[in-house]
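To be precise, the following lines are run-v9.cif, and they hold mmCIF, C-alpha atoms and all ligand atoms.
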```cif
data_work
loop_
_atom_site.label_atom_id
_atom_site.label_comp_id
_atom_site.auth_asym_id
_atom_site.auth_seq_id
_atom_site.Cartn_x
_atom_site.Cartn_y
_atom_site.Cartn_z
CA MET A 1005 13.64 26.15 -8.44
CA LYS A 1006 13.48 23.90 -11.51
CA LEU A 1007 14.79 20.35 -11.17
CA LEU A 1008 15.26 17.84 -13.98
CA LEU A 1009 15.85 14.16 -13.16
CA THR A 1010 17.05 12.08 -16.10
CA ASN A 1011 17.84 8.47 -17.05
CA ILE A 1012 15.54 7.11 -14.33
CA LYS A 1013 15.68 3.33 -14.63
CA LYS A 1014 12.00 3.11 -13.61
CA LEU A 1015 9.61 5.89 -12.68
CA VAL A 1016 7.09 4.09 -10.48
CA GLN A 1017 3.36 4.83 -10.05
CA THR A 1018 2.85 7.37 -12.84
CA GLU A 1019 -0.65 8.55 -13.73
CA GLN A 1020 -1.70 10.37 -16.89
CA ILE A 1021 -5.13 10.97 -15.40
CA ALA A 1022 -4.97 11.08 -11.63
CA GLN A 1023 -7.44 8.90 -9.73
CA LEU A 1024 -8.64 9.52 -6.19
CA LYS A 1025 -8.34 5.87 -5.11
CA ILE A 1026 -7.75 2.45 -6.60
CA CYS A 1027 -10.19 -0.39 -5.95
CA GLY A 1028 -10.35 -4.18 -6.20
CA ALA A 1029 -8.59 -5.82 -9.17
CA GLU A 1030 -7.24 -2.43 -10.31
CA MET A 1031 -4.96 -2.46 -7.27
CA ALA A 1032 -2.81 -5.09 -8.96
CA LYS A 1033 -1.93 -2.63 -11.75
CA LEU A 1034 0.82 -0.02 -11.69
CA ASN A 1035 1.93 2.29 -14.46
CA ASN A 1036 5.73 2.43 -14.42
CA LEU A 1037 7.86 4.13 -17.08
CA ASP A 1038 11.25 2.71 -18.08
CA ASP A 1039 14.18 5.02 -18.90
CA ALA A 1040 12.30 8.12 -17.83
CA TYR A 1041 12.67 11.78 -16.92
CA LEU A 1042 10.86 13.80 -14.25
CA TYR A 1043 10.62 17.59 -14.33
CA ILE A 1044 9.80 19.60 -11.19
CA ASN A 1045 8.96 23.31 -11.13
CA SER A 1046 8.50 25.18 -7.83
CA GLY A 1047 7.84 22.02 -5.84
CA ILE A 1048 5.22 20.64 -8.26
CA ILE A 1049 5.51 17.82 -10.79
CA GLU A 1050 5.27 19.61 -14.12
CA ASP A 1051 6.11 16.82 -16.53
CA PHE A 1052 7.43 13.29 -16.92
CA GLY A 1053 7.95 10.87 -19.79
CA THR A 1054 10.49 8.58 -21.42
CA MET A 1055 14.00 9.82 -22.26
CA THR A 1056 13.24 9.40 -25.98
CA GLU A 1057 10.61 12.13 -25.74
CA ILE A 1058 12.44 14.53 -23.38
CA LYS A 1059 11.95 18.25 -24.13
CA ASP A 1060 14.36 21.13 -23.96
CA PHE A 1061 13.59 22.02 -20.31
CA GLU A 1062 15.07 24.98 -18.46
CA TYR A 1063 16.48 23.87 -15.11
CA ASP A 1064 18.52 25.03 -12.12
CA GLN A 1065 19.68 21.52 -11.23
CA GLN A 1066 19.91 18.25 -13.11
CA ILE A 1067 20.31 14.83 -11.47
CA ASP A 1068 21.33 11.76 -13.43
CA VAL A 1069 19.39 8.89 -11.84
CA SER A 1070 21.01 6.12 -13.95
CA GLY A 1071 20.57 2.64 -12.48
CA ARG A 1072 18.11 3.76 -9.83
CA MET A 1073 14.32 4.12 -9.56
CA ILE A 1074 11.99 6.86 -8.37
CA PHE A 1075 8.94 6.09 -6.22
CA PRO A 1076 6.32 8.59 -5.01
CA SER A 1077 6.72 9.17 -1.26
CA PHE A 1078 4.71 7.05 1.12
CA CYS A 1079 1.54 8.53 2.56
CA ASP A 1080 1.07 7.33 6.15
CA SER A 1081 -2.59 7.89 6.96
CA HIS A 1082 -2.67 6.67 10.58
CA THR A 1083 -0.14 7.56 13.28
CA HIS A 1084 0.12 8.64 16.91
CA ILE A 1085 3.58 10.20 16.50
CA VAL A 1086 3.10 12.87 19.16
CA TYR A 1087 3.78 11.04 22.44
CA ALA A 1088 6.06 11.22 25.45
CA GLY A 1089 8.28 8.39 26.70
CA SER A 1090 8.03 4.81 25.51
CA ARG A 1091 6.39 1.58 26.70
CA GLU A 1092 9.01 -1.15 26.50
CA ILE A 1093 8.03 -2.38 29.98
CA GLU A 1094 4.64 -3.40 28.52
CA PHE A 1095 6.52 -5.00 25.66
CA ILE A 1096 7.98 -7.35 28.30
CA ASP A 1097 4.50 -7.89 29.83
CA LYS A 1098 3.27 -8.92 26.40
CA ILE A 1099 6.21 -11.29 25.89
CA LYS A 1100 5.28 -12.87 29.24
CA GLY A 1101 1.71 -13.44 28.06
CA LEU A 1102 -0.48 -10.42 28.88
CA SER A 1103 -2.76 -9.21 26.09
CA TYR A 1104 -3.19 -5.59 24.94
CA GLU A 1105 -6.68 -5.56 26.52
CA GLU A 1106 -5.42 -6.99 29.85
CA ILE A 1107 -2.70 -4.34 30.08
CA ALA A 1108 -5.30 -1.64 29.33
CA LYS A 1109 -7.69 -3.00 31.99
CA ARG A 1110 -4.94 -2.71 34.63
CA GLY A 1111 -4.66 1.01 33.85
CA GLY A 1112 -1.61 0.58 31.60
CA GLY A 1113 -1.38 0.99 27.86
CA ILE A 1114 -2.82 4.25 26.53
CA LEU A 1115 -3.29 5.51 30.11
CA ASN A 1116 0.45 5.12 30.72
CA SER A 1117 1.19 7.42 27.80
CA ALA A 1118 -1.53 9.79 29.03
CA LYS A 1119 0.23 10.18 32.42
CA LEU A 1120 3.45 11.18 30.66
CA ILE A 1121 1.69 13.76 28.47
CA GLN A 1122 0.26 15.61 31.47
CA ASP A 1123 3.65 16.74 32.74
CA ILE A 1124 5.60 17.36 29.56
CA SER A 1125 5.91 20.90 28.15
CA GLU A 1126 4.68 21.73 24.66
CA ASP A 1127 8.26 22.45 23.61
CA GLU A 1128 9.59 19.11 24.81
CA LEU A 1129 6.71 17.25 23.16
CA PHE A 1130 7.35 19.15 19.95
CA ASN A 1131 11.04 18.25 19.95
CA LEU A 1132 10.39 14.53 20.55
CA SER A 1133 7.79 14.46 17.76
CA LYS A 1134 9.99 16.44 15.39
CA LYS A 1135 12.71 13.78 15.70
CA ARG A 1136 10.20 11.05 14.83
CA ILE A 1137 9.05 13.00 11.79
CA GLU A 1138 12.64 13.47 10.65
CA GLU A 1139 13.04 9.72 11.01
CA ILE A 1140 9.97 8.87 8.89
CA ILE A 1141 11.01 11.39 6.23
CA SER A 1142 14.32 9.55 5.91
CA LEU A 1143 12.29 6.32 5.57
CA GLY A 1144 10.41 7.73 2.57
CA THR A 1145 7.22 9.23 4.02
CA GLY A 1146 6.01 12.49 2.45
CA ALA A 1147 2.59 12.97 4.09
CA VAL A 1148 1.34 11.84 7.47
CA GLU A 1149 -1.75 11.92 9.66
CA ILE A 1150 -1.17 12.47 13.38
CA LYS A 1151 -3.72 11.91 16.14
CA SER A 1152 -4.11 13.33 19.62
CA GLY A 1153 -5.47 10.82 22.15
CA TYR A 1154 -2.86 10.62 24.89
CA GLY A 1155 -4.20 13.76 26.57
CA LEU A 1156 -7.63 12.51 27.69
CA SER A 1157 -8.34 15.84 29.41
CA THR A 1158 -9.29 19.07 27.69
CA ASP A 1159 -5.96 20.77 28.43
CA SER A 1160 -3.74 17.86 27.46
CA GLU A 1161 -5.67 17.07 24.28
CA ILE A 1162 -5.30 20.71 23.26
CA LYS A 1163 -1.60 20.57 24.12
CA MET A 1164 -1.15 17.62 21.75
CA LEU A 1165 -3.15 19.27 18.97
CA ARG A 1166 -1.14 22.50 19.31
CA VAL A 1167 2.04 20.47 18.93
CA ILE A 1168 0.61 18.88 15.76
CA LYS A 1169 -0.27 22.36 14.47
CA ARG A 1170 3.28 23.56 15.09
CA LEU A 1171 4.65 20.48 13.31
CA GLN A 1172 2.37 21.32 10.35
CA LYS A 1173 3.97 24.75 10.17
CA GLU A 1174 7.60 23.83 10.81
CA MET A 1175 8.10 20.45 9.15
CA PRO A 1176 8.44 20.11 5.37
CA ILE A 1177 6.02 17.20 4.92
CA THR A 1178 2.25 17.48 4.69
CA ILE A 1179 0.54 16.75 8.01
CA VAL A 1180 -3.16 16.29 8.76
CA SER A 1181 -4.47 16.40 12.29
CA THR A 1182 -7.04 14.18 14.01
CA PHE A 1183 -8.72 14.69 17.38
CA LEU A 1184 -8.88 11.38 19.28
CA GLY A 1185 -10.23 12.36 22.72
CA ALA A 1186 -12.10 9.02 22.71
CA HIS A 1187 -8.97 6.87 22.77
CA SER A 1188 -9.42 5.43 26.27
CA VAL A 1189 -11.61 6.20 29.28
CA PRO A 1190 -9.48 7.95 31.96
CA LEU A 1191 -9.36 6.11 35.32
CA GLU A 1192 -11.38 8.81 37.12
CA TYR A 1193 -14.28 8.19 34.68
CA ARG A 1194 -14.23 4.38 34.94
CA GLY A 1195 -17.80 3.27 35.66
CA ASN A 1196 -18.99 6.62 34.39
CA GLN A 1197 -17.97 6.46 30.75
CA GLU A 1198 -20.97 8.52 29.64
CA GLU A 1199 -19.63 11.50 31.62
CA TYR A 1200 -16.34 11.34 29.74
CA VAL A 1201 -18.19 11.14 26.41
CA ASN A 1202 -20.19 14.20 27.51
CA LEU A 1203 -16.93 16.04 28.25
CA ILE A 1204 -15.65 15.25 24.76
CA ILE A 1205 -18.90 16.42 23.16
CA ASN A 1206 -19.69 19.47 25.27
CA GLU A 1207 -16.24 20.81 26.05
CA MET A 1208 -13.43 19.40 23.91
CA ILE A 1209 -15.03 19.41 20.45
CA PRO A 1210 -16.30 23.03 20.58
CA ILE A 1211 -12.88 24.38 21.69
CA ILE A 1212 -10.93 22.28 19.20
CA ALA A 1213 -13.23 23.30 16.36
CA SER A 1214 -13.14 26.99 17.28
CA GLU A 1215 -9.32 26.99 17.39
CA GLU A 1216 -9.23 24.95 14.14
CA LEU A 1217 -6.95 22.40 15.76
CA ALA A 1218 -8.13 19.29 13.88
CA ASP A 1219 -9.16 18.12 10.42
CA TYR A 1220 -10.72 14.81 11.49
CA ILE A 1221 -12.30 13.16 14.52
CA ASP A 1222 -11.49 9.64 15.70
CA VAL A 1223 -12.95 7.19 18.24
CA PHE A 1224 -11.47 3.86 19.37
CA CYS A 1225 -14.71 1.95 18.81
CA ASP A 1226 -13.91 -1.49 20.15
CA LYS A 1227 -14.46 -4.05 22.90
CA GLY A 1228 -13.33 -2.62 26.25
CA PHE A 1229 -13.03 0.93 24.88
CA PHE A 1230 -15.89 2.98 23.32
CA THR A 1231 -19.26 1.50 22.32
CA VAL A 1232 -21.13 2.02 19.06
CA GLU A 1233 -23.52 4.33 20.96
CA ASP A 1234 -20.63 6.43 22.32
CA THR A 1235 -19.11 6.54 18.84
CA ASP A 1236 -22.40 7.56 17.25
CA ARG A 1237 -22.80 10.47 19.68
CA ILE A 1238 -19.20 11.66 19.25
CA LEU A 1239 -19.19 11.44 15.45
CA LEU A 1240 -22.51 13.29 15.26
CA ALA A 1241 -21.14 16.06 17.47
CA GLY A 1242 -17.93 16.21 15.41
CA MET A 1243 -19.88 16.39 12.18
CA LYS A 1244 -21.83 19.39 13.48
CA TYR A 1245 -18.49 21.17 13.88
CA GLY A 1246 -17.20 20.15 10.44
CA LEU A 1247 -14.93 17.34 11.65
CA ARG A 1248 -15.14 14.29 9.38
CA ALA A 1249 -14.84 10.87 10.96
CA LYS A 1250 -11.75 8.66 10.65
CA ILE A 1251 -11.99 5.89 13.21
CA HIS A 1252 -10.35 2.90 14.91
CA ALA A 1253 -12.67 -0.06 14.35
CA ASN A 1254 -12.89 -3.85 14.60
CA GLU A 1255 -9.39 -4.42 15.99
CA LEU A 1256 -10.31 -6.47 19.06
CA ALA A 1257 -13.81 -7.67 18.13
CA ASN A 1258 -16.57 -7.35 15.60
CA SER A 1259 -17.45 -4.06 17.25
CA GLY A 1260 -19.94 -2.47 14.86
CA GLY A 1261 -17.32 0.21 14.28
CA VAL A 1262 -17.31 -0.17 10.51
CA GLN A 1263 -21.06 0.35 10.27
CA VAL A 1264 -21.10 3.43 12.49
CA GLY A 1265 -18.10 4.86 10.61
CA VAL A 1266 -19.81 4.38 7.25
CA LYS A 1267 -23.04 5.85 8.68
CA TYR A 1268 -21.11 9.10 9.24
CA ASN A 1269 -19.29 8.88 5.90
CA ALA A 1270 -15.93 8.37 7.61
CA ILE A 1271 -12.98 9.01 5.32
CA SER A 1272 -11.44 5.81 6.67
CA VAL A 1273 -12.06 2.98 9.11
CA ASP A 1274 -8.81 1.54 10.42
CA HIS A 1275 -7.45 -1.76 11.85
CA LEU A 1276 -10.22 -4.15 10.63
CA GLU A 1277 -8.94 -7.44 12.01
CA TYR A 1278 -12.55 -8.57 12.61
CA ILE A 1279 -14.29 -8.25 9.27
CA GLU A 1280 -17.11 -10.36 7.90
CA ASP A 1281 -19.42 -10.18 4.86
CA ALA A 1282 -21.67 -7.59 6.52
CA GLU A 1283 -18.74 -5.16 6.93
CA ILE A 1284 -17.54 -5.79 3.38
CA GLN A 1285 -21.01 -5.08 1.96
CA CYS A 1286 -21.32 -1.97 4.08
CA LEU A 1287 -17.93 -0.66 2.85
CA LEU A 1288 -18.76 -1.43 -0.78
CA ASN A 1289 -21.64 1.04 -0.58
CA SER A 1290 -19.49 3.83 0.81
CA ASP A 1291 -16.74 6.39 0.18
CA THR A 1292 -14.85 5.11 3.22
CA MET A 1293 -11.30 3.77 2.80
CA PRO A 1294 -10.71 0.45 4.60
CA THR A 1295 -7.28 0.85 6.20
CA VAL A 1296 -5.15 -1.97 7.57
CA LEU A 1297 -2.21 -1.49 9.97
CA PRO A 1298 0.14 -4.46 9.43
CA SER A 1299 2.86 -3.50 11.90
CA SER A 1300 0.37 -3.11 14.73
CA ALA A 1301 -1.25 -6.53 14.06
CA PHE A 1302 2.28 -7.98 13.87
CA PHE A 1303 3.48 -6.34 17.10
CA LEU A 1304 0.37 -7.41 19.06
CA ASN A 1305 0.14 -10.85 17.43
CA LEU A 1306 -3.41 -10.18 16.29
CA LYS A 1307 -5.19 -12.14 13.62
CA TYR A 1308 -4.71 -10.66 10.17
CA SER A 1309 -7.43 -8.72 8.40
CA PRO A 1310 -8.97 -10.63 5.43
CA VAL A 1311 -7.44 -8.26 2.89
CA ARG A 1312 -7.50 -10.68 -0.05
CA GLN A 1313 -11.23 -11.23 0.46
CA MET A 1314 -11.83 -7.48 0.62
CA ILE A 1315 -9.89 -6.78 -2.57
CA LYS A 1316 -11.68 -9.66 -4.30
CA ALA A 1317 -15.00 -8.09 -3.35
CA GLY A 1318 -13.89 -4.88 -5.10
CA LEU A 1319 -12.80 -2.78 -2.14
CA PRO A 1320 -9.78 -0.48 -2.08
CA ILE A 1321 -7.24 -1.01 0.74
CA ALA A 1322 -4.90 1.51 2.34
CA LEU A 1323 -1.97 0.50 4.54
CA ALA A 1324 -0.55 2.73 7.29
CA SER A 1325 2.01 2.38 10.08
CA ASP A 1326 -0.03 3.26 13.21
CA TYR A 1327 3.32 4.55 14.62
CA ASN A 1328 2.69 4.72 18.40
CA PRO A 1329 4.38 3.59 21.63
CA GLY A 1330 1.93 0.79 22.47
CA SER A 1331 1.09 -1.25 19.39
CA SER A 1332 3.49 -0.15 16.66
CA PRO A 1333 6.72 1.55 17.75
CA SER A 1334 7.76 1.92 14.11
CA GLY A 1335 6.86 4.32 11.31
CA ASN A 1336 8.68 2.33 8.65
CA MET A 1337 6.32 2.25 5.66
CA LYS A 1338 8.68 0.11 3.59
CA LEU A 1339 8.39 -2.55 6.30
CA VAL A 1340 4.60 -2.07 6.25
CA MET A 1341 4.72 -2.82 2.51
CA SER A 1342 6.70 -6.01 3.08
CA MET A 1343 4.28 -7.09 5.80
CA GLY A 1344 1.40 -6.40 3.39
CA CYS A 1345 2.97 -8.90 1.00
CA ILE A 1346 4.07 -11.48 3.56
CA ASN A 1347 1.17 -11.51 6.02
CA TYR A 1348 -1.75 -10.36 3.87
CA LYS A 1349 -0.71 -11.94 0.55
CA MET A 1350 -0.85 -8.64 -1.29
CA THR A 1351 1.24 -8.30 -4.44
CA PRO A 1352 4.02 -5.68 -4.69
CA GLU A 1353 1.78 -3.61 -7.00
CA GLU A 1354 -1.07 -3.77 -4.49
CA VAL A 1355 1.09 -2.70 -1.55
CA ILE A 1356 2.49 0.22 -3.53
CA ASN A 1357 -1.03 1.45 -4.33
CA ALA A 1358 -2.06 0.85 -0.72
CA THR A 1359 0.81 2.89 0.78
CA THR A 1360 0.61 5.81 -1.68
CA ILE A 1361 -2.58 6.77 -3.51
CA ASN A 1362 -5.06 4.92 -1.27
CA SER A 1363 -3.43 6.08 1.94
CA ALA A 1364 -3.41 9.63 0.52
CA TYR A 1365 -7.19 9.24 -0.01
CA ALA A 1366 -7.53 8.16 3.63
CA MET A 1367 -6.21 11.62 4.62
CA GLY A 1368 -8.18 13.55 1.99
CA LEU A 1369 -4.93 14.24 0.10
CA SER A 1370 -5.15 12.10 -3.03
CA GLU A 1371 -5.75 15.07 -5.34
CA THR A 1372 -2.28 16.36 -4.49
CA HIS A 1373 -0.27 13.37 -3.18
CA GLY A 1374 0.23 9.64 -3.67
CA SER A 1375 1.46 9.28 -7.27
CA ILE A 1376 3.67 10.77 -9.96
CA ALA A 1377 1.11 12.91 -11.79
CA ARG A 1378 1.26 16.37 -13.35
CA GLY A 1379 0.24 19.08 -10.86
CA LYS A 1380 0.89 16.93 -7.78
CA VAL A 1381 3.31 17.87 -5.01
CA ALA A 1382 6.85 16.70 -5.84
CA ASN A 1383 7.33 14.27 -2.93
CA PHE A 1384 9.38 11.26 -4.02
CA PHE A 1385 12.50 9.25 -3.31
CA ILE A 1386 15.35 7.84 -5.36
CA THR A 1387 16.13 4.22 -4.54
CA LYS A 1388 19.53 2.59 -4.36
CA ASP A 1389 20.49 0.41 -7.31
CA ILE A 1390 17.78 -2.30 -7.24
CA PRO A 1391 17.07 -4.94 -9.88
CA SER A 1392 13.25 -4.66 -9.93
CA VAL A 1393 10.26 -2.96 -8.31
CA GLU A 1394 9.44 -6.24 -6.58
CA PHE A 1395 12.88 -6.24 -4.92
CA PHE A 1396 11.81 -3.22 -2.86
CA PRO A 1397 9.23 -4.99 -0.60
CA TYR A 1398 11.08 -8.32 -0.95
CA ALA A 1399 14.31 -7.10 0.70
CA PHE A 1400 12.36 -6.30 3.84
CA GLY A 1401 15.27 -5.53 6.13
CA SER A 1402 17.36 -3.35 3.83
CA ASN A 1403 17.24 0.39 3.58
CA LEU A 1404 16.92 0.87 -0.17
CA ILE A 1405 16.15 4.59 -0.10
CA ASP A 1406 19.03 6.76 -1.28
CA ARG A 1407 17.76 10.35 -1.64
CA VAL A 1408 14.51 11.93 -0.43
CA PHE A 1409 12.74 14.96 -1.97
CA ILE A 1410 9.87 16.86 -0.36
CA ASN A 1411 8.21 19.69 -2.30
CA GLY A 1412 10.94 19.16 -4.89
CA ILE A 1413 13.69 19.94 -2.39
CA GLU A 1414 16.23 17.35 -1.30
CA ILE A 1415 16.19 16.54 2.40
CA THR A 1416 19.71 16.15 3.66
CA GLN A 1417 20.10 13.74 6.55
O1 LIG A 1501 -4.07 2.18 16.89
N1 LIG A 1501 -5.92 0.79 19.08
C1 LIG A 1501 -5.87 1.90 19.58
N2 LIG A 1501 -4.90 2.82 19.57
C2 LIG A 1501 -3.58 2.60 19.11
C3 LIG A 1501 -2.67 2.12 20.17
C4 LIG A 1501 -2.33 3.19 21.08
C5 LIG A 1501 -1.46 2.75 22.22
O2 LIG A 1501 -1.49 1.59 22.64
O3 LIG A 1501 -0.76 3.65 22.70
C6 LIG A 1501 -3.58 1.72 17.90
O4 LIG A 1501 -3.12 0.57 17.93
FE FE A 1502 -4.08 3.83 15.98
#
```

As structure tokens - that is how I would like this structure written.
Amino acid sequence: MKLLLTNIKKLVQTEQIAQLKICGAEMAKLNNLDDAYLYINSGIIEDFGTMTEIKDFEYDQQIDVSGRMIFPSFCDSHTHIVYAGSREIEFIDKIKGLSYEEIAKRGGGILNSAKLIQDISEDELFNLSKKRIEEIISLGTGAVEIKSGYGLSTDSEIKMLRVIKRLQKEMPITIVSTFLGAHSVPLEYRGNQEEYVNLIINEMIPIIASEELADYIDVFCDKGFFTVEDTDRILLAGMKYGLRAKIHANELANSGGVQVGVKYNAISVDHLEYIEDAEIQCLLNSDTMPTVLPSSAFFLNLKYSPVRQMIKAGLPIALASDYNPGSSPSGNMKLVMSMGCINYKMTPEEVINATTINSAYAMGLSETHGSIARGKVANFFITKDIPSVEFFPYAFGSNLIDRVFINGIEITQ
């Protein structure tokens, strides 16, 4: 299938030479082409340029994009999309004054979702998750990471990971899978956390690795959850089985999570509300992508990560949705962009880089996703008629996405 898109008002985030990630001051730059064409062959971007230099392409379909823009699809590098039920009762508890940690201590929070996972069938869990993926596709996402972590027993963790594997096969978007057995300590292991860590290391990781159920391994390394020592042991065990780290760190306290993540060459460390100079220095000497989750900090009323300071120091930043029932019941990456601008003082160019190329890097996908570059997967969307690129994050409550393409094929909604 050969697709030619012409008269594109602005083709956003083009790259002549594709980069793996964009750091520091470079994040404020974007290469956009005015009055452009885009040529797709068999699901891959074959060429693009301005209308004045268009070639005599062969095509099966032509779309006139006059008046509208094309953006590369969002890459959402941190989600917990596979879950059962919802947690709006805790939403009320939070409104009435309980904190995320207090709810967790009472056996709620993640453990509530874990109870629901135990009894649901793989088919039901698949169908619920499929609907959420269809929703995020319509919101412009073209690649997503999904974590386990509501199983918290060997069988239920495997159930979640099998569902993710089936989604990888049956859904059109690119999906990477992360094993998050260390998301919360189950009630029966309270007071005996080390035993649960042993179960993860000695039983869960070997099975998950042998069935090739995960690409990455995650730990919620934070106050009240898993310690730096637990995290160190789990990441070391994961590494031995070829699972690269990608962790939750420094959301609730200055937990030491960033340092232990960097020690194991994590592909990303995520949340990062509690960041000081030591963490920034540590990240500067690493290949780890600092990832911030604006909708989760917003939903939980957390303090905001010092993103401006991190960019000023020369770090790259990725933004992701953290779509999950407890701290971010939304996978809307356009809203994440707007929150990046409003709450973290990022510019529109910076939030576009953070939700595309840098978040692709945070999933190990930036060679194939995250920009309009020759040879990359043709995941993109056509906007409605908008006056400028800046209008896109500015109009934070409007759906400005008109048509979505994944692997060069239009997704009909
Ligand atoms: O990234 N912080 C840890 N885990 C999730 C929340 C999961 C939940 O509350 O269900 C997060 O915010
Ligand atoms: Fe998370």

May I have the residues within 8 Å of ligand LIG 1501 (chain A), computed using all atoms listed in the file, as a CSV table (one decimal) with C-alpha atoms, keeping the file's coordinate frame?
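Output below, filename result28.csv:
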```
chain,number,residue,atom,x,y,z
A,1082,HIS,CA,-2.7,6.7,10.6
A,1083,THR,CA,-0.1,7.6,13.3
A,1084,HIS,CA,0.1,8.6,16.9
A,1104,TYR,CA,-3.2,-5.6,24.9
A,1113,GLY,CA,-1.4,1.0,27.9
A,1114,ILE,CA,-2.8,4.2,26.5
A,1117,SER,CA,1.2,7.4,27.8
A,1154,TYR,CA,-2.9,10.6,24.9
A,1187,HIS,CA,-9.0,6.9,22.8
A,1224,PHE,CA,-11.5,3.9,19.4
A,1252,HIS,CA,-10.4,2.9,14.9
A,1255,GLU,CA,-9.4,-4.4,16.0
A,1275,HIS,CA,-7.4,-1.8,11.8
A,1300,SER,CA,0.4,-3.1,14.7
A,1326,ASP,CA,0.0,3.3,13.2
A,1328,ASN,CA,2.7,4.7,18.4
A,1329,PRO,CA,4.4,3.6,21.6
A,1330,GLY,CA,1.9,0.8,22.5
A,1331,SER,CA,1.1,-1.2,19.4
A,1332,SER,CA,3.5,-0.2,16.7
```

- Which of these residues is nearest to Lys1014 in chain A, using all atoms listed in the file: A:Tyr1041, A:Ile1048, A:Ile1179, A:Met1031?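 Comparing A:Tyr1041, A:Ile1048, A:Ile1179, A:Met1031 against Lys1014 in chain A, the winner is A:Tyr1041.
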
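Nearest residue to Glu1199 in chain A among A:Glu1216, A:Asp1291, A:Asp1097, A:Asp1234 is A:Asp1234, counting only C-alpha atoms.
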
- Task: With a distance cut-off of 9 Å and only C-alpha atoms, select the neighbouring residues of Ala1377 in chain A, excluding the residue or stretch itself and same-chain residues fewer than 6 positions from it, and output the selection as a VMD selection string.
- Result: chain A and resid 1017 to 1022 1049 to 1052

- Nearby residues (all atoms listed in the file) at most 10 Å from Ser1181 in chain A, same-chain spacing under 4 positions excluded, as a PyMOL selection string: chain A and resi 1083+1148-1152+1165-1166+1168-1169+1172+1216-1221+1367

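Of the listed residues (A:Gly1101, A:Lys1267, A:Ala1241, A:Asn1045), A:Asn1045 comes nearest to Ala1382 in chain A; the distances count all atoms listed in the file.
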
- Task: Extract, using only C-alpha atoms, all DNA, RNA and protein residues at most 10 Å from Ile1413 in chain A, discarding same-chain residues fewer than 3 positions from it, and format them as a VMD selection string.
- Result: chain A and resid 1005 to 1007 1044 1046 to 1047 1176 1382 to 1384 1408 to 1410 1416

Expected file contents, prior selection, C-alpha atoms, as a compact mmCIF listing (two decimals), in the frame of the given file:
```txt
# COMPACT_ATOMS: atom_id res chain seq x y z
CA MET A 1005 13.64 26.15 -8.44
CA LYS A 1006 13.48 23.90 -11.51
CA LEU A 1007 14.79 20.35 -11.17
CA ILE A 1044 9.80 19.60 -11.19
CA SER A 1046 8.50 25.18 -7.83
CA GLY A 1047 7.84 22.02 -5.84
CA PRO A 1176 8.44 20.11 5.37
CA ALA A 1382 6.85 16.70 -5.84
CA ASN A 1383 7.33 14.27 -2.93
CA PHE A 1384 9.38 11.26 -4.02
CA VAL A 1408 14.51 11.93 -0.43
CA PHE A 1409 12.74 14.96 -1.97
CA ILE A 1410 9.87 16.86 -0.36
CA THR A 1416 19.71 16.15 3.66
```

Find the spatial neighbours of Leu1009 in chain A, counting only C-alpha atoms, within a cut-off of 7 Å - ignore same-chain residues fewer than 2 positions away - and output them as an mmCIF file with C-alpha atoms, in the coordinates of the input.
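The new file part.cif reads:
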```cif
data_model
loop_
_atom_site.group_PDB
_atom_site.id
_atom_site.type_symbol
_atom_site.label_atom_id
_atom_site.label_comp_id
_atom_site.auth_asym_id
_atom_site.auth_seq_id
_atom_site.Cartn_x
_atom_site.Cartn_y
_atom_site.Cartn_z
ATOM 1 C CA LEU A 1007 14.790 20.350 -11.170
ATOM 2 C CA TYR A 1041 12.670 11.780 -16.920
ATOM 3 C CA LEU A 1042 10.860 13.800 -14.250
ATOM 4 C CA TYR A 1043 10.620 17.590 -14.330
ATOM 5 C CA GLN A 1066 19.910 18.250 -13.110
ATOM 6 C CA ILE A 1067 20.310 14.830 -11.470
ATOM 7 C CA ASP A 1068 21.330 11.760 -13.430
ATOM 8 C CA VAL A 1069 19.390 8.890 -11.840
#
```

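The coordinates place CA of Ser1272 in chain A at 15.2 Å from CA of Gln1285 in chain A.
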
- Query: How many Å separate CA of Ile1251 in chain A from CA of Asn1305 in chain A?
  - Reply: 21.1 Å

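Note that CA of Ile1085 in chain A and CA of Arg1136 in chain A are 6.9 Å apart.
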
- Item | Proximity to Glu1128 in chain A - best of A:Glu1094, A:Val1086, A:Tyr1308, A:Phe1230, only C-alpha atoms |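 Smallest distance to Glu1128 in chain A is found for A:Val1086.
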
- Go through A:Asn1011, A:Glu1092, A:Phe1078, A:Ile1099 one by one, measure the shortest atom-to-atom distance of each to Ser1142 in chain A using only C-alpha atoms, and give the residue with the smallest value.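 Once distances to Ser1142 in chain A are computed over only C-alpha atoms, the minimum belongs to A:Phe1078.
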
- Task: Find, counting all atoms listed in the file, the residue in A:Lys1250, A:Arg1091, A:Arg1194, A:Arg1378 that gets nearest to ligand FE 1502 (chain A).
- Result: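 Residue with the minimum atom-to-atom distance to ligand FE 1502 (chain A): A:Lys1250.
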